[in-house]
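Below is one structure, written out as structure tokens, with a few remarks after it.
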Amino acid sequence: MSHPSAISPIRWENNKLVLLDQRYLPSKHDDYVCSTLEQAAQGIADLVVRGAPAIGITAAYAVYLGFQQLQQDTDYDLTAALDELTNARPTAVNLAWAVEQQKQILNGNSSDISGKLLENAKHIHQQDLDDNIKMGDFGAGLIEPGSRVVTHCNAGALATAGYGTALGVIRSAWSENKLEKVFASETRPWLQGLRLTAWELAEDQIPVTLIVEGAASSLLGRKKIDWVIVGSDRICANGDVVNKVGTCNLAIMAKHYGVKVMVAAPTSTIDMNTESGDMVDIENRSSQEILGQNYLDNEAVSAWNPVFDVTPAELVSAIVTEKGIILQPDKDKMSALMASK
Ligand code: MRU
């Protein structure tokens, strides 16, 4: 049994939602405090908080904040605010999942809607931490001693309630002395790998070697990698995996070089209502995230910035959830997992 990381990106303090501002890590450690639903939605849209489970937890608390706003101002349009919150980032299904859970309380007949909303947000928060630790142990069980692994983006404590999905597996495998080497790709353009994954692994004294994404094929081809280990923003009913753009590149290369691909994600990331990855709304962010201050006056240069991609199920060796593991996922195995207790 492994121990949770000390990093908690989301706190509930004095009736306020406090987010560790991930835009400036690791050089600056600031809190972003939300007293309204709108502040939380803006924080999600601006990547103050990011990573599918962390976005879902934030949204659950945000619905509670919105309900408080409605109590104070009967003209407050909570329905419109919930739509704004759900659309803050379209790809990570945990966001819509958490809002939907809270809507069921809003639309129910409890005499204490406010208390129930807060209780459920805290439950979603704690459940995510518990699930990460389970996934860490399940995933580590697939890893042979002496393994060399690579991860992409940040699917760690910062992207969840704590501990992490992909990094939870890496933390557990490390604590079981199974890992010889951990590589992380820097993850353009927001550098979640460089800024967040490397920082949080270093905080836990887990050595990590960064690569630029362009070095991935050299890494898989020349450095005897055993596993690509990633998280997910949405896993479709057929096992297709939506995750940070660049994940599919790694999976295609992994097939070429005989490397296995593990996806660690809680069942709150599984979307049985979406049949396959081609039906998922892939978030496109501003071209400025790529261009920066370059070509400001040059209309001949533009940038395309889809921030997620779809890895077909056939390229995935294992999906690890809190309920258990699916090897070589497909529609039937996904349905059986979701039907299990
Ligand atoms: O754009 P981001 O930083 O929110 O993207 C995050 C990812 O792609 C993660 O891999 C995914 O959300 C899984 S987090 C446990």
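In the structure tokens, the first chain shown is A, the next is B, and so on; residue numbers restart at 1 for each chain, and ligands run from 1 in the order shown.
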**Item:** 6 Å contact set for Val242 (chain A), only C-alpha atoms, chain neighbours under 5 positions out, as a list in words
**Value:** Ser232, Asp233, Arg234, Asp309 and Val310 of chain A
Those same residues - all heavy atoms - I'd like them written as a short mmCIF file (atom, residue, chain, number, x, y, z; two decimals), in the first residue's frame.
```cif
data_model
loop_
_atom_site.label_atom_id
_atom_site.label_comp_id
_atom_site.auth_asym_id
_atom_site.auth_seq_id
_atom_site.Cartn_x
_atom_site.Cartn_y
_atom_site.Cartn_z
N SER A 232 -6.26 10.00 -18.83
CA SER A 232 -7.23 10.25 -19.91
C SER A 232 -8.24 11.31 -19.51
O SER A 232 -8.53 11.49 -18.33
CB SER A 232 -7.97 8.96 -20.26
OG SER A 232 -8.96 9.22 -21.24
N ASP A 233 -8.74 12.00 -20.51
CA ASP A 233 -9.82 12.98 -20.30
C ASP A 233 -11.18 12.39 -20.59
O ASP A 233 -12.20 12.91 -20.13
CB ASP A 233 -9.60 14.21 -21.18
CG ASP A 233 -8.49 15.05 -20.58
OD1 ASP A 233 -7.32 14.70 -20.79
OD2 ASP A 233 -8.82 16.01 -19.85
N ARG A 234 -11.18 11.33 -21.37
CA ARG A 234 -12.46 10.65 -21.69
C ARG A 234 -12.12 9.32 -22.36
O ARG A 234 -11.35 9.28 -23.32
CB ARG A 234 -13.28 11.52 -22.66
CG ARG A 234 -14.67 11.03 -22.92
CD ARG A 234 -15.35 11.88 -24.00
NE ARG A 234 -15.58 13.27 -23.62
CZ ARG A 234 -16.77 13.86 -23.55
NH1 ARG A 234 -17.86 13.17 -23.81
NH2 ARG A 234 -16.86 15.14 -23.24
N ASP A 309 -5.98 14.43 -28.26
CA ASP A 309 -6.13 13.57 -29.43
C ASP A 309 -6.76 12.25 -29.01
O ASP A 309 -7.01 12.02 -27.82
CB ASP A 309 -4.80 13.39 -30.20
CG ASP A 309 -3.71 12.66 -29.42
OD1 ASP A 309 -4.03 11.99 -28.42
OD2 ASP A 309 -2.53 12.77 -29.81
N VAL A 310 -7.06 11.42 -30.00
CA VAL A 310 -7.75 10.15 -29.73
C VAL A 310 -6.82 8.99 -30.07
O VAL A 310 -6.35 8.89 -31.19
CB VAL A 310 -9.04 10.03 -30.59
CG1 VAL A 310 -9.74 8.70 -30.32
CG2 VAL A 310 -9.98 11.20 -30.32
#
```
Distance table requested - region 116-180 of chain A against region 43-64 of chain A, cut-off 7 Å, only C-alpha atoms: one row per qualifying residue with the closest atom pair and its distance in Å to one decimal, ordered by chain and rising residue number, as a Markdown table.
```
| residue | atom | partner | partner_atom | distance |
| --- | --- | --- | --- | --- |
| A:Leu117 | CA | A:Tyr64 | CA | 5.5 |
| A:Leu118 | CA | A:Tyr64 | CA | 5.9 |
| A:Ala121 | CA | A:Ala60 | CA | 5.0 |
| A:Ile124 | CA | A:Ile57 | CA | 6.3 |
| A:His125 | CA | A:Ile57 | CA | 5.6 |
| A:Ala155 | CA | A:Gly51 | CA | 6.6 |
| A:Ala159 | CA | A:Gly51 | CA | 4.1 |
| A:Thr160 | CA | A:Ala54 | CA | 4.3 |
| A:Ala161 | CA | A:Ala54 | CA | 6.1 |
```
**Request:** Just the residues within 10 Å of Thr247 (chain A), please, counting only C-alpha atoms, with nothing from its chain fewer than 3 positions along; format it as a PyMOL selection string.
**Result:** chain A and resi 151-153+187+228-232+241-244+250-253+261+308-311
**Request:** Name all residues at most 10 Å from Cys34 (chain A) (count only C-alpha atoms; drop same-chain ones fewer than 6 positions away) and give them as a PyMOL selection string.
**Result:** chain A and resi 12+15-19+40-43+58+61-62+65
Pull N, CA, C and O atoms from the residues just selected and write them as an mmCIF file, in the first residue's frame.
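Ended up saving to again-v2.cif:
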```cif
data_model
loop_
_atom_site.group_PDB
_atom_site.id
_atom_site.type_symbol
_atom_site.label_atom_id
_atom_site.label_comp_id
_atom_site.auth_asym_id
_atom_site.auth_seq_id
_atom_site.Cartn_x
_atom_site.Cartn_y
_atom_site.Cartn_z
ATOM 1 N N TRP A 12 -10.930 23.022 0.302
ATOM 2 C CA TRP A 12 -12.170 23.716 0.690
ATOM 3 C C TRP A 12 -11.895 24.340 2.045
ATOM 4 O O TRP A 12 -11.697 23.634 3.036
ATOM 5 N N ASN A 15 -15.466 28.073 3.692
ATOM 6 C CA ASN A 15 -16.546 28.190 2.710
ATOM 7 C C ASN A 15 -16.088 28.768 1.369
ATOM 8 O O ASN A 15 -16.872 29.376 0.630
ATOM 9 N N LYS A 16 -14.805 28.588 1.052
ATOM 10 C CA LYS A 16 -14.279 29.035 -0.256
ATOM 11 C C LYS A 16 -13.507 27.886 -0.894
ATOM 12 O O LYS A 16 -12.954 27.021 -0.192
ATOM 13 N N LEU A 17 -13.478 27.921 -2.220
ATOM 14 C CA LEU A 17 -12.724 26.917 -2.972
ATOM 15 C C LEU A 17 -11.341 27.492 -3.271
ATOM 16 O O LEU A 17 -11.230 28.549 -3.908
ATOM 17 N N VAL A 18 -10.317 26.819 -2.799
ATOM 18 C CA VAL A 18 -8.951 27.334 -2.970
ATOM 19 C C VAL A 18 -8.202 26.396 -3.920
ATOM 20 O O VAL A 18 -8.039 25.202 -3.639
ATOM 21 N N LEU A 19 -7.778 26.966 -5.062
ATOM 22 C CA LEU A 19 -7.062 26.177 -6.076
ATOM 23 C C LEU A 19 -5.599 26.586 -6.086
ATOM 24 O O LEU A 19 -5.289 27.798 -6.058
ATOM 25 N N ALA A 40 -14.764 29.992 -10.413
ATOM 26 C CA ALA A 40 -14.303 28.607 -10.600
ATOM 27 C C ALA A 40 -14.312 28.251 -12.092
ATOM 28 O O ALA A 40 -13.362 27.642 -12.604
ATOM 29 N N ALA A 41 -15.378 28.632 -12.818
ATOM 30 C CA ALA A 41 -15.463 28.324 -14.255
ATOM 31 C C ALA A 41 -14.309 28.994 -15.008
ATOM 32 O O ALA A 41 -13.700 28.393 -15.900
ATOM 33 N N GLN A 42 -14.001 30.242 -14.628
ATOM 34 C CA GLN A 42 -12.896 30.954 -15.272
ATOM 35 C C GLN A 42 -11.561 30.259 -14.967
ATOM 36 O O GLN A 42 -10.709 30.113 -15.835
ATOM 37 N N GLY A 43 -11.421 29.798 -13.724
ATOM 38 C CA GLY A 43 -10.204 29.075 -13.326
ATOM 39 C C GLY A 43 -10.021 27.799 -14.146
ATOM 40 O O GLY A 43 -8.908 27.454 -14.533
ATOM 41 N N THR A 58 -13.478 20.405 -8.955
ATOM 42 C CA THR A 58 -13.676 21.860 -8.905
ATOM 43 C C THR A 58 -15.113 22.209 -9.282
ATOM 44 O O THR A 58 -15.768 23.039 -8.624
ATOM 45 N N TYR A 61 -17.687 21.576 -6.464
ATOM 46 C CA TYR A 61 -17.733 22.669 -5.472
ATOM 47 C C TYR A 61 -18.354 23.931 -6.092
ATOM 48 O O TYR A 61 -19.065 24.680 -5.417
ATOM 49 N N ALA A 62 -18.077 24.162 -7.382
ATOM 50 C CA ALA A 62 -18.599 25.366 -8.046
ATOM 51 C C ALA A 62 -20.132 25.371 -8.056
ATOM 52 O O ALA A 62 -20.761 26.425 -7.896
ATOM 53 N N LEU A 65 -21.248 26.595 -4.829
ATOM 54 C CA LEU A 65 -21.106 28.063 -4.746
ATOM 55 C C LEU A 65 -22.244 28.755 -5.507
ATOM 56 O O LEU A 65 -22.813 29.750 -5.038
#
```
Contacts of Phe183 (chain A) at 7 Å (only C-alpha atoms; same-chain gap of 6+ positions) as a CSV table (one decimal) with N, CA and C atoms, in the first residue's frame:
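Once written, selection-v8.csv looks like this:
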```csv
chain,number,residue,atom,x,y,z
A,149,VAL,N,9.8,3.6,-17.9
A,149,VAL,CA,8.5,4.1,-18.3
A,149,VAL,C,8.6,5.5,-18.8
A,150,VAL,N,7.6,5.9,-19.7
A,150,VAL,CA,7.5,7.3,-20.1
A,150,VAL,C,6.1,7.7,-19.9
A,151,THR,N,5.9,8.9,-19.4
A,151,THR,CA,4.5,9.5,-19.2
A,151,THR,C,4.5,10.8,-20.0
A,208,VAL,N,13.4,12.0,-12.5
A,208,VAL,CA,12.7,12.0,-13.8
A,208,VAL,C,13.6,12.6,-14.9
A,209,THR,N,13.5,12.1,-16.1
A,209,THR,CA,14.3,12.7,-17.2
A,209,THR,C,13.3,13.2,-18.2
A,210,LEU,N,13.4,14.5,-18.6
A,210,LEU,CA,12.5,15.1,-19.5
A,210,LEU,C,13.0,14.9,-20.9
```
**Message:** What's around Ala265 (chain A) at 8 Å? Count only C-alpha atoms, leave out sequence neighbours fewer than 6 positions away in its own chain, and write the answer as a list in words.
**Reply:** Met135, Thr165, Ala166, Gly231, Ser232, Ile319, Val320, Thr321 and Glu322 of chain A
**Request:** Could you tell me, as a list in words, which residues of region 145-238 of chain A DSSP assigns to alpha helix (DSSP H) when given the backbone?
**Result:** Ala166, Leu167, Gly168, Val169, Ile170, Arg171, Ser172, Ala173, Trp174, Ser175, Ala198, Trp199, Glu200, Leu201, Ala202, Glu203, Ala216, Ser217, Ser218, Leu219, Leu220, Gly221 and Arg222 of chain A
**Message:** Report, in Å with one decimal, the straight-line distance from CA of Asp130 (chain A) to CA of Gly156 (chain A).
**Reply:** 13.8 Å
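Each of A:Ile282, A:Ile211, A:Leu220, A:Val99 was checked against ligand 1 using only C-alpha atoms and all ligand atoms; the smallest atom-to-atom distance is that of A:Ile282.
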**Prompt:** When you draw a straight line from CA of Pro329 (chain A) to CA of Arg222 (chain A), how long is it in Å?
**Reply:**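 It comes out at 27.8 Å.
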**Request:** Between A:Asp330, A:Glu299, A:Glu144, A:Glu213, single out the one closest to Lys260 (chain A), counting only C-alpha atoms.
**Result:** A:Glu144
**Prompt:** Which residue gives the smallest distance to ligand 1 among A:Glu84, A:Asp297, A:Asp73, A:Asp131, with only C-alpha atoms and all ligand atoms counted?
**Reply:** A:Asp131
**Request:** Tell me, in Å to one decimal, how far CA of Leu142 (chain A) is from CA of Trp174 (chain A).
**Result:** 12.8 Å
**Prompt:** So which one's closest to ligand 1, A:Asn238, A:Gln101, A:Thr267, A:Gln69? Using only C-alpha atoms and all ligand atoms, please.
**Reply:**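 Among A:Asn238, A:Gln101, A:Thr267, A:Gln69, it is A:Thr267 that comes nearest to ligand 1.
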**Within 9 Å of Asn177 (chain A) using only C-alpha atoms, minus same-chain residues under 3 positions, as JSON, numbers by chain** = {"A": [145, 146, 172, 173, 174, 180]}
Quick one: write out the picked residues with C-alpha atoms as a PDB file, in the first residue's frame?
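Output file part38.pdb follows:
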```
ATOM      1  CA  PRO A 145      10.852  -4.951 -11.737  1.00  0.00           C
ATOM      2  CA  GLY A 146      13.556  -2.998 -13.586  1.00  0.00           C
ATOM      3  CA  SER A 172       3.204   2.953  -6.504  1.00  0.00           C
ATOM      4  CA  ALA A 173       5.626   1.143  -8.846  1.00  0.00           C
ATOM      5  CA  TRP A 174       8.476   3.340  -7.584  1.00  0.00           C
ATOM      6  CA  GLU A 180      14.611   1.725 -13.191  1.00  0.00           C
TER       7      GLU A 180
END
```
**Request:** Can you work out which one of A:Asp83, A:Asp75, A:Glu289, A:Glu314 has the shortest atom-to-atom distance to ligand 1, counting only C-alpha atoms and all ligand atoms?
**Result:**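 Of A:Asp83, A:Asp75, A:Glu289, A:Glu314, the one nearest ligand 1, counting only C-alpha atoms and all ligand atoms, is A:Glu289.
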DSSP-assigned strand (DSSP E) members of region 134-314 of chain A, reported as a PDB file with C-alpha atoms, in the first residue's frame:
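Heads up, here's the output in result.pdb:
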```pdb
ATOM      1  CA  SER A 147      11.055  -1.302 -15.922  1.00  0.00           C
ATOM      2  CA  ARG A 148      11.608   1.940 -17.805  1.00  0.00           C
ATOM      3  CA  VAL A 149       8.506   4.060 -18.350  1.00  0.00           C
ATOM      4  CA  VAL A 150       7.496   7.279 -20.068  1.00  0.00           C
ATOM      5  CA  THR A 151       4.543   9.514 -19.243  1.00  0.00           C
ATOM      6  CA  LEU A 179      11.139   1.314 -11.823  1.00  0.00           C
ATOM      7  CA  GLU A 180      14.611   1.725 -13.191  1.00  0.00           C
ATOM      8  CA  LYS A 181      13.859   4.976 -14.996  1.00  0.00           C
ATOM      9  CA  VAL A 182      11.027   7.478 -15.486  1.00  0.00           C
ATOM     10  CA  PHE A 183      10.882   9.747 -18.544  1.00  0.00           C
ATOM     11  CA  ALA A 184       8.381  12.582 -19.073  1.00  0.00           C
ATOM     12  CA  SER A 185       7.669  14.570 -22.216  1.00  0.00           C
ATOM     13  CA  THR A 209      14.297  12.681 -17.200  1.00  0.00           C
ATOM     14  CA  LEU A 210      12.508  15.129 -19.514  1.00  0.00           C
ATOM     15  CA  ILE A 211      12.372  14.874 -23.295  1.00  0.00           C
ATOM     16  CA  TRP A 227       5.546   1.092 -20.779  1.00  0.00           C
ATOM     17  CA  VAL A 228       3.966   4.330 -21.917  1.00  0.00           C
ATOM     18  CA  ILE A 229       1.760   5.304 -18.929  1.00  0.00           C
ATOM     19  CA  VAL A 230      -0.815   8.082 -19.377  1.00  0.00           C
ATOM     20  CA  ARG A 234     -12.459  10.653 -21.686  1.00  0.00           C
ATOM     21  CA  ILE A 235     -12.547   6.962 -22.490  1.00  0.00           C
ATOM     22  CA  CYS A 236     -15.284   6.060 -24.973  1.00  0.00           C
ATOM     23  CA  VAL A 241      -8.816   7.021 -25.268  1.00  0.00           C
ATOM     24  CA  VAL A 242      -8.938  10.805 -25.457  1.00  0.00           C
ATOM     25  CA  ASN A 243      -5.940  12.448 -23.784  1.00  0.00           C
ATOM     26  CA  LYS A 244      -3.427  15.270 -24.137  1.00  0.00           C
ATOM     27  CA  LYS A 260       3.042  -1.478 -23.988  1.00  0.00           C
ATOM     28  CA  VAL A 261       0.567   1.362 -23.374  1.00  0.00           C
ATOM     29  CA  MET A 262      -1.217   1.740 -20.027  1.00  0.00           C
ATOM     30  CA  VAL A 263      -4.059   4.223 -19.480  1.00  0.00           C
ATOM     31  CA  ALA A 264      -4.975   4.891 -15.842  1.00  0.00           C
ATOM     32  CA  ILE A 270     -15.448   6.643 -18.852  1.00  0.00           C
ATOM     33  CA  ASP A 271     -18.193   7.939 -21.123  1.00  0.00           C
ATOM     34  CA  PHE A 308      -6.283  16.515 -27.066  1.00  0.00           C
ATOM     35  CA  ASP A 309      -6.127  13.565 -29.431  1.00  0.00           C
ATOM     36  CA  VAL A 310      -7.754  10.152 -29.729  1.00  0.00           C
ATOM     37  CA  THR A 311      -5.802   6.938 -29.308  1.00  0.00           C
TER      38      THR A 311
END
```
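Minimum atom-to-atom distance to Ala92 (chain A), evaluated using only C-alpha atoms, belongs to A:Thr269 out of A:Thr269, A:Lys224, A:Leu196, A:Gln72.
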